[in-house]
Amino acid sequence: MSMDVTFLGTGSAYPSPTRGASALVLRREGECWLFDCGEGTQTQFMKSHLRAGRITKIFITHLHGDHFFGLPGLLCTLSLQSSPDPNKPPVDIYGPFGLRNFIWRSMELSHSQLLFPYTVHELVPTRDQCPAEEFKEFSDLDRDEVSPQGVQGRILHLDPVENSYLLVEDEQLVLKAFRLFHRIPSFGFVMEEKPRTGKLNVQKLKDLGVQPGPLYGKLKNGTAVVLENGVTISPSDVLEAPIPGRKICILGDCSGVVGDAAAKLCCEADVLIHEATLDDTQEEKAREHGHSTPKMAADFAKLCKVKKLVLTHFSQRYKPAAQRGEGELDITDLKRQAESVLDGQEVTLAEDFMTIEIPMKK
Ligand SMILES: [Zn+2]
Ligand SMILES: [Zn+2]
């Protein structure tokens, strides 16, 4: 089962010709999950090998414009390309409290009627996710309104025991959100596949006298079988250890995490995608704006023992290496700064349209 991440926008603050505003796609089994949707994300989709029509879930890390101003336009274009189908499951949209109102108002004011159902689930932040003077309750939003389309989404509060938010869980995977500190409340997301059943130990099966055939399938599916000689064989007798799933962590803008859940949830992730808006020489300025430097990102990656760190959300002054003009800042400085914290472990600098494969574990 293939899984990959494609960056559609790797710049901060606004889209430029060299870096789009924040957006990335996690693709698994042909389904696309979009994380952030900065202005211009729909055109970035068209330039990429991905199809926006495959989006089934959207996650917004925080309500700064460079992370979600592309959403109304993208939704309207998706609607133009879709045909009414009463059986179509809704597109689930997750984001901070206030997002639902933004989407509904945008649709209402522009007289846009989406032809597909969608549901907006809101995460309620806590006050310690931003400077006190920036925190907004949004208590004036009209919460009693009836959904213009389909189901009204959930309001998700922090689970005080887990210190996180459970967003998605099915037989195959779990997706949780955790809190970040930024100028306004921001969130990180971790998607983890559940372990897969281990391989059948063929030698053991032979020794026990189980012939290849339908019994193999039953054991693999967790059913005990009784042989002709009356002996019962349990799956645990012949299955090897379960195969761990893949874990990928996508963090929104931040100058740090809030609470201890983030480090636990991101522990030993296969890929950690972290912002690095400014280089290490500008740490003070980065912190002041609620952002990170390569060292700050790498410190967190080291704490979590992640296997691969990918930096993104660069100030537009850092052009991709191939497009750097004379006298312009060198993006590879950021790579070196992060790698020096990680004892030489290679760090990836995201660029628009870059795809990273995350292979299945064997
Ligand atoms: Zn941003
Ligand atoms: Zn931001």
# chains A, B, ... in the order shown; residues from 1 in each chain; ligands from 1
$ residues_around --residues "stretch 234-242 of chain A" --least-positions-apart "4" --cutoff "10 Å" --atoms "only C-alpha atoms" --output "PyMOL selection string"
chain A and resi 194-205+208+216+218-226+362
$ write_last_selection --atoms "C-alpha atoms" --output "PDB file, in the first residue's frame"
ATOM      1  CA  LYS A 194      -2.355   0.401  13.149  1.00  0.00           C
ATOM      2  CA  PRO A 195      -0.008  -2.600  13.159  1.00  0.00           C
ATOM      3  CA  ARG A 196      -0.612  -5.186  10.460  1.00  0.00           C
ATOM      4  CA  THR A 197      -0.882  -8.922  11.119  1.00  0.00           C
ATOM      5  CA  GLY A 198       2.524 -10.565  11.052  1.00  0.00           C
ATOM      6  CA  LYS A 199       3.612 -13.033   8.376  1.00  0.00           C
ATOM      7  CA  LEU A 200       2.739 -16.705   8.582  1.00  0.00           C
ATOM      8  CA  ASN A 201       5.699 -18.817   9.627  1.00  0.00           C
ATOM      9  CA  VAL A 202       5.602 -21.320   6.789  1.00  0.00           C
ATOM     10  CA  GLN A 203       8.172 -23.649   8.334  1.00  0.00           C
ATOM     11  CA  LYS A 204       6.163 -23.902  11.541  1.00  0.00           C
ATOM     12  CA  LEU A 205       2.997 -24.575   9.542  1.00  0.00           C
ATOM     13  CA  LEU A 208       2.516 -28.810  12.355  1.00  0.00           C
ATOM     14  CA  TYR A 216      -3.507 -20.385   5.704  1.00  0.00           C
ATOM     15  CA  LYS A 218      -8.080 -18.404   8.004  1.00  0.00           C
ATOM     16  CA  LEU A 219      -5.077 -18.312  10.318  1.00  0.00           C
ATOM     17  CA  LYS A 220      -3.858 -15.080   8.788  1.00  0.00           C
ATOM     18  CA  ASN A 221      -7.298 -13.566   9.399  1.00  0.00           C
ATOM     19  CA  GLY A 222      -7.122 -14.509  13.059  1.00  0.00           C
ATOM     20  CA  THR A 223      -9.282 -17.646  13.074  1.00  0.00           C
ATOM     21  CA  ALA A 224      -8.150 -20.833  14.833  1.00  0.00           C
ATOM     22  CA  VAL A 225      -8.330 -24.003  12.735  1.00  0.00           C
ATOM     23  CA  VAL A 226      -8.807 -27.647  13.652  1.00  0.00           C
ATOM     24  CA  LYS A 362       8.319  -5.291   6.288  1.00  0.00           C
TER      25      LYS A 362
END
$ closest_atom_pairs --of "chain A" --to "ligand 2" --cutoff "8 Å" --atoms "only C-alpha atoms and all ligand atoms" --output "tab-separated table"
residue	atom	partner	partner_atom_place_in_ligand_line	distance
A:Ala13	CA	ligand 2	1 (Zn)	7.7
A:His62	CA	ligand 2	1 (Zn)	6.7
A:Leu63	CA	ligand 2	1 (Zn)	7.3
A:His64	CA	ligand 2	1 (Zn)	4.9
A:Gly65	CA	ligand 2	1 (Zn)	7.8
A:Asp66	CA	ligand 2	1 (Zn)	7.3
A:His67	CA	ligand 2	1 (Zn)	7.3
A:His182	CA	ligand 2	1 (Zn)	6.8
A:Arg183	CA	ligand 2	1 (Zn)	6.7
A:Ile184	CA	ligand 2	1 (Zn)	7.1
A:Ser186	CA	ligand 2	1 (Zn)	7.6
A:Gly252	CA	ligand 2	1 (Zn)	7.5
A:Asp253	CA	ligand 2	1 (Zn)	5.0
A:Cys254	CA	ligand 2	1 (Zn)	7.5
A:Gly290	CA	ligand 2	1 (Zn)	7.6
A:His291	CA	ligand 2	1 (Zn)	7.8
$ select_by_dssp --residues "stretch 7-231 of chain A" --states "strand (DSSP E or B)" --output "short mmCIF file (atom, residue, chain, number, x, y, z; two decimals) with N, CA and C atoms, in the first residue's frame"
data_model
loop_
_atom_site.label_atom_id
_atom_site.label_comp_id
_atom_site.auth_asym_id
_atom_site.auth_seq_id
_atom_site.Cartn_x
_atom_site.Cartn_y
_atom_site.Cartn_z
N PHE A 7 4.32 18.22 -1.42
CA PHE A 7 4.22 19.61 -0.98
C PHE A 7 3.67 20.45 -2.13
N LEU A 8 2.60 21.19 -1.84
CA LEU A 8 2.04 22.07 -2.87
C LEU A 8 2.40 23.53 -2.60
N GLY A 9 2.77 23.82 -1.36
CA GLY A 9 3.18 25.18 -1.01
C GLY A 9 4.12 25.12 0.18
N GLY A 11 6.06 28.04 1.22
CA GLY A 11 6.47 29.38 1.63
C GLY A 11 5.61 29.90 2.76
N ALA A 21 1.80 29.23 -1.03
CA ALA A 21 1.45 29.30 0.40
C ALA A 21 1.15 27.88 0.88
N ALA A 23 0.48 24.26 1.89
CA ALA A 23 -0.42 23.17 1.52
C ALA A 23 0.42 21.93 1.27
N LEU A 24 -0.06 20.82 1.74
CA LEU A 24 0.57 19.54 1.38
C LEU A 24 -0.48 18.45 1.35
N VAL A 25 -0.19 17.40 0.61
CA VAL A 25 -1.14 16.31 0.44
C VAL A 25 -0.52 15.00 0.92
N LEU A 26 -1.24 14.34 1.79
CA LEU A 26 -0.85 13.00 2.21
C LEU A 26 -1.74 12.04 1.42
N ARG A 27 -1.11 11.19 0.62
CA ARG A 27 -1.89 10.30 -0.24
C ARG A 27 -1.69 8.87 0.23
N ARG A 28 -2.81 8.18 0.41
CA ARG A 28 -2.74 6.79 0.88
C ARG A 28 -3.87 6.06 0.19
N GLU A 31 -6.47 7.94 -1.87
CA GLU A 31 -7.22 9.01 -1.21
C GLU A 31 -6.27 10.15 -0.88
N CYS A 32 -6.72 11.38 -1.08
CA CYS A 32 -5.86 12.52 -0.76
C CYS A 32 -6.39 13.23 0.47
N TRP A 33 -5.51 13.44 1.43
CA TRP A 33 -5.82 14.27 2.59
C TRP A 33 -4.99 15.53 2.47
N LEU A 34 -5.70 16.66 2.46
CA LEU A 34 -5.02 17.95 2.27
C LEU A 34 -4.76 18.59 3.64
N PHE A 35 -3.53 18.99 3.88
CA PHE A 35 -3.17 19.68 5.12
C PHE A 35 -2.83 21.12 4.79
N ILE A 55 -9.68 14.47 -3.03
CA ILE A 55 -9.61 14.89 -1.62
C ILE A 55 -10.83 14.38 -0.86
N THR A 56 -10.57 13.68 0.25
CA THR A 56 -11.67 13.21 1.09
C THR A 56 -11.66 13.88 2.46
N LYS A 57 -10.49 14.38 2.86
CA LYS A 57 -10.41 15.08 4.15
C LYS A 57 -9.47 16.27 4.02
N ILE A 58 -9.80 17.33 4.78
CA ILE A 58 -8.97 18.53 4.79
C ILE A 58 -8.69 18.89 6.24
N PHE A 59 -7.44 19.21 6.54
CA PHE A 59 -7.05 19.59 7.89
C PHE A 59 -6.40 20.97 7.84
N VAL A 91 -17.10 15.48 2.48
CA VAL A 91 -15.69 15.79 2.68
C VAL A 91 -15.59 16.32 4.12
N ASP A 92 -14.75 15.69 4.91
CA ASP A 92 -14.59 16.13 6.30
C ASP A 92 -13.51 17.19 6.37
N ILE A 93 -13.85 18.32 6.98
CA ILE A 93 -12.88 19.41 7.12
C ILE A 93 -12.65 19.62 8.62
N TYR A 94 -11.40 19.60 9.03
CA TYR A 94 -11.05 19.78 10.45
C TYR A 94 -10.20 21.04 10.58
N GLY A 95 -10.49 21.82 11.61
CA GLY A 95 -9.67 23.00 11.84
C GLY A 95 -10.08 23.69 13.12
N PRO A 96 -9.36 24.76 13.49
CA PRO A 96 -9.67 25.44 14.74
C PRO A 96 -11.08 26.04 14.74
N TYR A 118 -20.31 18.47 2.72
CA TYR A 118 -19.09 18.62 3.51
C TYR A 118 -19.47 18.86 4.96
N THR A 119 -18.58 18.51 5.85
CA THR A 119 -18.81 18.66 7.27
C THR A 119 -17.59 19.30 7.89
N VAL A 120 -17.81 20.34 8.71
CA VAL A 120 -16.67 21.01 9.33
C VAL A 120 -16.61 20.66 10.82
N HIS A 121 -15.54 20.03 11.23
CA HIS A 121 -15.32 19.68 12.63
C HIS A 121 -14.32 20.67 13.21
N GLU A 122 -14.70 21.25 14.36
CA GLU A 122 -13.84 22.30 14.92
C GLU A 122 -13.12 21.85 16.18
N LEU A 123 -11.85 22.22 16.28
CA LEU A 123 -11.05 21.93 17.46
C LEU A 123 -11.05 23.18 18.35
N ILE A 155 -17.78 19.42 17.58
CA ILE A 155 -16.92 20.38 18.28
C ILE A 155 -16.01 19.51 19.14
N LEU A 156 -14.73 19.57 18.88
CA LEU A 156 -13.79 18.68 19.57
C LEU A 156 -13.03 19.44 20.65
N ASP A 159 -8.87 16.26 24.98
CA ASP A 159 -9.03 15.14 25.90
C ASP A 159 -8.02 15.37 27.02
N SER A 164 -4.75 15.38 23.89
CA SER A 164 -4.80 15.49 22.43
C SER A 164 -6.26 15.44 21.98
N TYR A 165 -6.47 15.49 20.68
CA TYR A 165 -7.81 15.47 20.10
C TYR A 165 -7.88 14.27 19.15
N LEU A 166 -8.86 13.41 19.32
CA LEU A 166 -9.01 12.27 18.41
C LEU A 166 -9.91 12.70 17.26
N LEU A 167 -9.35 12.68 16.04
CA LEU A 167 -10.10 13.18 14.88
C LEU A 167 -10.65 12.05 14.03
N VAL A 168 -9.81 11.08 13.73
CA VAL A 168 -10.22 10.01 12.82
C VAL A 168 -9.71 8.69 13.39
N GLU A 169 -10.57 7.69 13.38
CA GLU A 169 -10.09 6.34 13.73
C GLU A 169 -10.90 5.33 12.95
N LEU A 173 -6.20 3.01 10.74
CA LEU A 173 -5.36 4.11 11.21
C LEU A 173 -6.04 4.98 12.25
N VAL A 174 -5.22 5.81 12.88
CA VAL A 174 -5.71 6.79 13.85
C VAL A 174 -5.08 8.14 13.50
N LEU A 175 -5.87 9.20 13.58
CA LEU A 175 -5.32 10.53 13.38
C LEU A 175 -5.71 11.41 14.57
N LYS A 176 -4.69 11.97 15.20
CA LYS A 176 -4.92 12.83 16.36
C LYS A 176 -4.31 14.20 16.11
N ALA A 177 -4.82 15.19 16.85
CA ALA A 177 -4.24 16.54 16.80
C ALA A 177 -3.65 16.84 18.16
N PHE A 178 -2.62 17.68 18.17
CA PHE A 178 -2.05 18.13 19.44
C PHE A 178 -1.77 19.62 19.36
N ARG A 179 -1.54 20.23 20.53
CA ARG A 179 -1.47 21.69 20.60
C ARG A 179 -0.07 22.25 20.34
N LEU A 180 -0.05 23.38 19.66
CA LEU A 180 1.20 24.09 19.40
C LEU A 180 1.07 25.52 19.88
N PHE A 181 2.22 26.14 20.13
CA PHE A 181 2.23 27.55 20.53
C PHE A 181 2.62 28.41 19.33
N SER A 186 -2.50 27.07 17.23
CA SER A 186 -2.12 26.27 16.08
C SER A 186 -2.06 24.80 16.51
N PHE A 187 -2.19 23.91 15.54
CA PHE A 187 -2.24 22.48 15.84
C PHE A 187 -1.27 21.67 14.98
N GLY A 188 -0.88 20.53 15.53
CA GLY A 188 -0.12 19.55 14.76
C GLY A 188 -0.99 18.31 14.62
N PHE A 189 -0.71 17.52 13.60
CA PHE A 189 -1.48 16.30 13.36
C PHE A 189 -0.54 15.11 13.26
N VAL A 190 -0.98 14.00 13.82
CA VAL A 190 -0.20 12.77 13.66
C VAL A 190 -1.11 11.67 13.13
N MET A 191 -0.69 11.08 12.02
CA MET A 191 -1.44 9.98 11.42
C MET A 191 -0.61 8.72 11.62
N GLU A 192 -1.19 7.75 12.28
CA GLU A 192 -0.47 6.50 12.51
C GLU A 192 -1.30 5.31 12.06
N GLU A 193 -0.68 4.46 11.26
CA GLU A 193 -1.37 3.24 10.85
C GLU A 193 -1.32 2.24 11.99
N ARG A 196 -0.02 -4.17 11.32
CA ARG A 196 -0.61 -5.19 10.46
C ARG A 196 -0.29 -6.57 11.03
N LEU A 200 2.87 -15.31 8.15
CA LEU A 200 2.74 -16.70 8.58
C LEU A 200 4.11 -17.36 8.55
N VAL A 225 -7.86 -22.91 13.60
CA VAL A 225 -8.33 -24.00 12.73
C VAL A 225 -8.10 -25.36 13.43
N VAL A 226 -8.96 -26.30 13.10
CA VAL A 226 -8.81 -27.65 13.65
C VAL A 226 -8.40 -28.58 12.52
#
$ residues_around --residues "stretch 263-276 of chain A" --least-positions-apart "4" --cutoff "6 Å" --atoms "only C-alpha atoms" --output "MDAnalysis selection string"
chainID A and resid 247:251 292:294 304:314
$ write_last_selection --atoms "C-alpha atoms" --output "JSON list (two decimals), in the first residue's frame"
[["chain", "number", "residue", "atom", "x", "y", "z"],
["A", 247, "LYS", "CA", 3.64, 7.35, 11.38],
["A", 248, "ILE", "CA", 3.69, 10.80, 9.90],
["A", 249, "CYS", "CA", 3.53, 14.10, 11.80],
["A", 250, "ILE", "CA", 2.58, 17.42, 10.27],
["A", 251, "LEU", "CA", 2.98, 20.49, 12.42],
["A", 292, "SER", "CA", 10.80, 28.14, 14.48],
["A", 293, "THR", "CA", 14.34, 27.98, 13.14],
["A", 294, "PRO", "CA", 16.05, 24.81, 11.84],
["A", 304, "CYS", "CA", 11.12, 12.48, 19.37],
["A", 305, "LYS", "CA", 13.81, 10.29, 17.72],
["A", 306, "VAL", "CA", 12.14, 10.74, 14.34],
["A", 307, "LYS", "CA", 13.55, 8.95, 11.32],
["A", 308, "LYS", "CA", 13.23, 11.79, 8.86],
["A", 309, "LEU", "CA", 12.88, 15.53, 9.41],
["A", 310, "VAL", "CA", 11.47, 17.68, 6.62],
["A", 311, "LEU", "CA", 11.58, 21.47, 6.94],
["A", 312, "THR", "CA", 9.04, 23.72, 5.24],
["A", 313, "HIS", "CA", 7.20, 27.09, 5.54],
["A", 314, "PHE", "CA", 10.29, 29.11, 4.66]]
$ atom_distance --atom1 "atom CA of A:Ala322" --atom2 "atom CA of A:Glu357"
22.0 Å
$ closest_residue --among "A:Gly153, A:Gln316, A:Phe97, A:Ser110" --to "ligand 1" --atoms "only C-alpha atoms and all ligand atoms"
A:Gln316
$ closest_residue --among "A:Ser315, A:Phe102, A:Gly256, A:Asp330" --to "ligand 1" --atoms "only C-alpha atoms and all ligand atoms"
A:Ser315
$ closest_residue --among "A:Ile103, A:Cys76, A:Ala286, A:Val124" --to "ligand 1" --atoms "only C-alpha atoms and all ligand atoms"
A:Ala286
$ atom_distance --atom1 "atom CA of A:Met3" --atom2 "atom CA of A:Gln42"
21.4 Å
$ atom_distance --atom1 "atom CA of A:Leu114" --atom2 "atom CA of A:Ser79"
5.3 Å
$ residues_around --residues "A:Ile331" --least-positions-apart "3" --cutoff "9 Å" --atoms "only C-alpha atoms" --output "VMD selection string"
chain A and resid 279 314 317 to 321 324 334 to 335 349
$ closest_residue --among "A:Pro185, A:Pro214, A:Gly209, A:Gly53" --to "ligand 1" --atoms "only C-alpha atoms and all ligand atoms"
A:Pro185
$ select_by_dssp --residues "stretch 229-348 of chain A" --states "alpha helix (DSSP H)" --output "VMD selection string"
chain A and resid 235 to 238 261 to 265 283 to 288 294 to 303 332 to 341
$ write_last_selection --atoms "C-alpha atoms" --output "CSV table (one decimal), in the first residue's frame"
chain,number,residue,atom,x,y,z
A,235,PRO,CA,-3.1,-17.9,14.8
A,236,SER,CA,-0.6,-16.9,17.5
A,237,ASP,CA,1.1,-20.3,17.1
A,238,VAL,CA,2.0,-19.6,13.5
A,261,ALA,CA,1.4,15.0,24.2
A,262,ALA,CA,3.2,16.2,21.1
A,263,ALA,CA,6.5,14.5,22.0
A,264,LYS,CA,4.8,11.3,22.9
A,265,LEU,CA,2.6,11.3,19.8
A,283,GLU,CA,15.9,32.9,16.4
A,284,GLU,CA,14.8,35.9,18.5
A,285,LYS,CA,12.7,37.3,15.7
A,286,ALA,CA,11.3,33.8,14.8
A,287,ARG,CA,10.2,33.3,18.4
A,288,GLU,CA,8.7,36.8,18.6
A,294,PRO,CA,16.0,24.8,11.8
A,295,LYS,CA,17.7,24.2,15.2
A,296,MET,CA,14.3,24.5,17.0
A,297,ALA,CA,12.8,22.0,14.6
A,298,ALA,CA,15.7,19.7,14.9
A,299,ASP,CA,15.7,19.8,18.7
A,300,PHE,CA,12.1,18.6,18.6
A,301,ALA,CA,12.9,15.9,16.0
A,302,LYS,CA,15.8,14.7,18.2
A,303,LEU,CA,13.6,14.6,21.3
A,332,THR,CA,21.0,25.2,2.3
A,333,ASP,CA,22.3,27.0,5.4
A,334,LEU,CA,19.0,25.9,7.0
A,335,LYS,CA,19.7,22.3,6.1
A,336,ARG,CA,23.1,22.5,7.6
A,337,GLN,CA,21.8,24.1,10.8
A,338,ALA,CA,19.3,21.4,11.3
A,339,GLU,CA,21.7,18.6,10.5
A,340,SER,CA,24.3,19.8,13.0
A,341,VAL,CA,21.7,19.2,15.8
$ closest_residue --among "A:Met1, A:Val258, A:Leu278, A:Leu227" --to "ligand 1" --atoms "only C-alpha atoms and all ligand atoms"
A:Leu278
$ closest_residue --among "A:Arg127, A:His289, A:Lys361, A:Arg54" --to "ligand 1" --atoms "only C-alpha atoms and all ligand atoms"
A:His289
